[in-house]
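Here is the structure we will look at, set down as C-alpha cells.
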Amino acid sequence: MRLEFSSAERQFRDQVRTWVEVNKPKEKRPVRGLAVREFDLAWQKAKHEGGFGAVSWPRKYGGAGLSVVEQLIWFEELAKADAPGVGCLSPALNHAGPTLIAMASEEQKTFHLPKILAGEVVWSQGFSEPQAGSDLGGLRLRGEIVGDHMVVNGQKIWTSYAHFADWQETLVRTDATLGKHKGITWTIIDMKTPGIDIRPLETLDGGQHFCEVFYDNVRVPLANVVGGVDQGWRVAMTTLVTERAAAAASLGATVGRAVEQLIEIAKNRTGPDGRTLYSDEAIARDLARHRVEAQALRAMSYAIISREAKGVEAGPESALPFLYFGELLQRVRATGIELLGGEALALDSGLEQWARGFLADRTYVIAGGSAEVRRNIIAQSVLGLPRSY
Amino acid sequence: MNGIDILPSDDQLEIVDGLTRALADLPVAGADVATVAALGFVGAGVAPEFGGPGLSIADEMLLNIEFGRRLAGIEILAGGLAARLAAASGDLALVADLIAGTRTAGFAAPMSGWGEGDAGPRGEVHLVGAADVFLAVSHKGAALLDLGLLDGLEPVEGMDGGAKTVRAKIIGDPAWTQSGVWPLASLCFAAQLCGVAMAARDLGADYAKVRVQFDKPIGSFQGVAHQLADCAVRAEAAYSQALFAAIALRDGAEDAGFQVTAAVLTAMDAAVRNATTNIQVHGAMGYSSITGAHLYLKRAVVLRQLAGGPRQHERAALAVRR
C-alpha cells in the first residue's frame, strides 16, 4: 500500500502543469455550430504538437505512450486547470482510434491514426439505432456485400457530431440469420459517400450534436471493414468492455474540481435569508458529502490504476466507479442548480456551466451504458447473481 | 519504494489471511477479545518498545475490516486503542494486560456529544463492551476511564446484543490526553464499518441466489439485483477510501485528516445502507432474528455512534481547505 509519486512522475506533473497553463484554449468552448468542431480540432492540434495528442495510445502509433500513472497525472492537471475535454473528438480518440489500434490492418492504421492525432478529422460513432439502444445487439442497419463493396441501407440515431464528422465507425448487420451478436460487421464509413442523409436533433440542453443518420444504398469499400465481415461484435467489444483506468481517473478529477467550484460559489452567493449559501446547514451538508464522495471516487480510480499498473487485467469491478461517478455527478448538479437561485432561469449566464451542465450531464447515467444496464452488469459479473433481464 | 499501488501487498494479505484462517470456524460475532488476544491480534499496532507486534497503521486498518466483517467483539478494537493511550501515558502494565486480554477495554460514548470546552469527558455515557476500562475518544482527545471514575452503573438492553451496554455517569475530573488516538480510532471505525458493509453485501447476494419466489431466484429480479449492485458500489467506495486514508495517515500526509474523515463518512453510509438492504433482501427472514441479518445493522449503528456520528465528520470535511 503506497501512494507516492516518483521524482520522475513529479517532474512530469510540473511539466504538464506548465504546458497546460500556457497552451489551454483561452476562450470558452462554443455551445453549437461548426465553431465547436474548429475549437475541438484546434485544441487537439495544440496537444498533438505538445506531445500529448493521445496520452493512452502506444508510441508506435503516435500516441504519447504514457504509463497509467502518467495518464492519471495528465487528467488531474487538465481538471485542475479547468481545461476543456476532447469534445467532439471523443469517438475518434477514445473509441475508434483504440479499436483501430487493436484490430485494424496496418494500412488502415497508417491512413487514419495520424489524421486523428493531428486534429484533422472528426469521427462519429454509428452504433445506436431506434430499436437498438441498451440492447445494441438488436441493430438492423443492413449491409449487403456486392463485389468489393458493402451496400448499406437503414438508419442510425443518437450519432453525436455526425453532421460534421469526416468518418464514422459503424456497426452493420451483414447476416440476419446468425443470431443477435453474430453477423455484425464493424466498418469505417466516409461521411461524404453519396446516399448519407444527416438530420441533427436537439438535445435537452440545447446542444446540437445528436443526429439521425439515414443510409440509402451507401457503397462502402470492403477495404474499410475492420476485423472481418460478420466479426463486428468482437471488434466493438474490444474497446467497449474495458472502461480504462485513465478514463476513471479523468472522471474523478473532473467531479472533484466541480465540487470545489461549487463550494466557492456557495461561499460567494447569498440565499433568500441573506446568509451565504455556505452557512445554510442543509447546503453545507450536501457540499460536505459531495466533497467526500468525490474523494472516494478518486480512491476507487486509484485502486483501478493500482491493478492496471501491476498488470492485473481489468475485471468487472472496473464498472463500479463509472456508476458511482454518474450518480454522484447528478447529485452535484442538483446542488448546483439549487445554488444558482434565479440565475438558473438563464442557460447562457456567467454560470452557464451550472445551468446548462445540470441538463447536459444527465448523459452520464444514460450514454455508454445506462445506470440500469450498469447495475445489471455489476449484479451479474461482480456479485454473481443470475441474469435479471 | 515509491509508486502508486494503494492495494494491500502480498505480505499484508498474508497477515489478514492468518487472522481469517484462525477465525474461520467461529460463528458470526463469535470472535471475542480472549480468542483474538490469544492469537496476538489485540493491539497489533502497538510498537515493540511497548510490547506490541508493531504492525503499521495500514495493517491495523486491514485487520479491522476483518473484525468488522465478522462482527468481532468490540473490546478488540477498544483494547488496541486503549493500549495506544496507555503506552503514551507510560502505563506499560496496562498495555501488557490489554494485549494479553487479561484486562479488557470498552468504549464510553456520550449521550449527546462531549459538549463545549476542553474540560475532559463529563456527564452521562453509555459504556459499550464488557470491560475493565473504557475509552472516551473524540476530536478533543482521548481518556481512559476506570471504574473509579464511573458511577450509577445500570445495565441496559443494548442496541448491539453482542456488546454489553451499561448506562453510567462520569465522576471526578478526567482530562483529555492529546495522543493522536482519534485519527487512528476514526480510521479503525471506518475499517470496521467497511467490513460490515462488505459482509452485508455478500450475505444479501448469497441469499438472493438461493431464495426462490415466483419460480426464480429473487436475485434475478431487478428490484432486488439493483439494490445489491448499489451495495457493491458503496462497499467498493468505502474500501478504496479506507485504503487511501490508511496510507495518508501512516505516511503523515498533509491531508490525512480529511482523508480519514472521508473514509469514516463513506463507510458509515455503506455500512448502514448495505445492512438495511441485506435485511430487506431477506424479507421476513431478515425481520426475524433467525438469520442474523439484523446484527449487521445494529453493529453499524453502534460503530457510527462510537465514531462520533456523521454530523461532526461532515462539518470537518467541509471546513478543511482543499
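Residue numbers start at 1 in each chain; chains themselves are named A, B, ... in the order of the C-alpha cells; ligands are numbered from 1 in the order shown.
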With only C-alpha atoms considered, list every residue of chain A at most 8 Å from chain B, as a PyMOL selection string. chain A and resi 1-6+69+260+284-285+287-289+291-293+295-297+299-300+302-303+305-307+309+320-321+323-324+372+375-376+378-379+382-389
Can you pull out every residue within 12 Å of Trp57 (chain A), counting only C-alpha atoms, but drop anything in the same chain fewer than 4 positions away, and send it as a list in words?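 Once the nearby chain positions are removed, what remains is Gly51, Phe52, Gly53, Tyr61, Gly62, Gly63, Ala64, Gly65, Leu66, Ser67, Val68, Gln71, Ala92, Leu93, Asn94, His95, Ala96, Gly97, Pro98, Thr99, Leu100, Ile101, Ala102, Leu113, Pro114, Ile116, Leu117, Arg244 and Ala246 of chain A.
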For region 18-26 of chain B, find every residue with an atom within 8 Å (counting only C-alpha atoms), except residues of its own chain fewer than 5 positions away, and show them as a PyMOL selection string. chain B and resi 31+39+41+63+66
Expected file: the selected residues, N, CA and C atoms, as an mmCIF file, in the first residue's frame:
data_model
loop_
_atom_site.group_PDB
_atom_site.id
_atom_site.type_symbol
_atom_site.label_atom_id
_atom_site.label_comp_id
_atom_site.auth_asym_id
_atom_site.auth_seq_id
_atom_site.Cartn_x
_atom_site.Cartn_y
_atom_site.Cartn_z
ATOM 1 N N ALA B 31 -15.990 -14.185 17.386
ATOM 2 C CA ALA B 31 -14.589 -13.856 17.683
ATOM 3 C C ALA B 31 -14.553 -12.861 18.836
ATOM 4 N N LEU B 39 -4.402 -14.994 19.825
ATOM 5 C CA LEU B 39 -3.773 -15.051 18.505
ATOM 6 C C LEU B 39 -2.763 -13.910 18.314
ATOM 7 N N PHE B 41 -3.577 -10.595 18.144
ATOM 8 C CA PHE B 41 -4.079 -9.534 17.278
ATOM 9 C C PHE B 41 -4.775 -8.396 18.025
ATOM 10 N N LEU B 63 -6.826 -5.324 9.266
ATOM 11 C CA LEU B 63 -7.323 -6.276 10.269
ATOM 12 C C LEU B 63 -8.706 -5.858 10.760
ATOM 13 N N GLU B 66 -11.546 -6.973 8.690
ATOM 14 C CA GLU B 66 -11.924 -8.365 9.002
ATOM 15 C C GLU B 66 -12.739 -8.453 10.285
#
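Residues within 8 Å of region 170-184 of chain B, counting only C-alpha atoms and excluding same-chain residues fewer than 3 positions away, are Ile57, Leu81, Arg84, Leu85, Ala88, Asp118, Ala119, Gly120, Pro121, Arg122, Gly123, Glu124, Val125, Val137, Ser138, His139, Lys140, Gly141, Ala142, Ala143, Leu145, Leu149, Leu150, Asp151, Leu187, Cys188, Leu249, Gly257 and Val260 of chain B.
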Among the residues B:Ala307, B:Val302, B:Leu127, B:Ala284, the one that comes closest to Arg167 (chain B) [using only C-alpha atoms]: B:Leu127
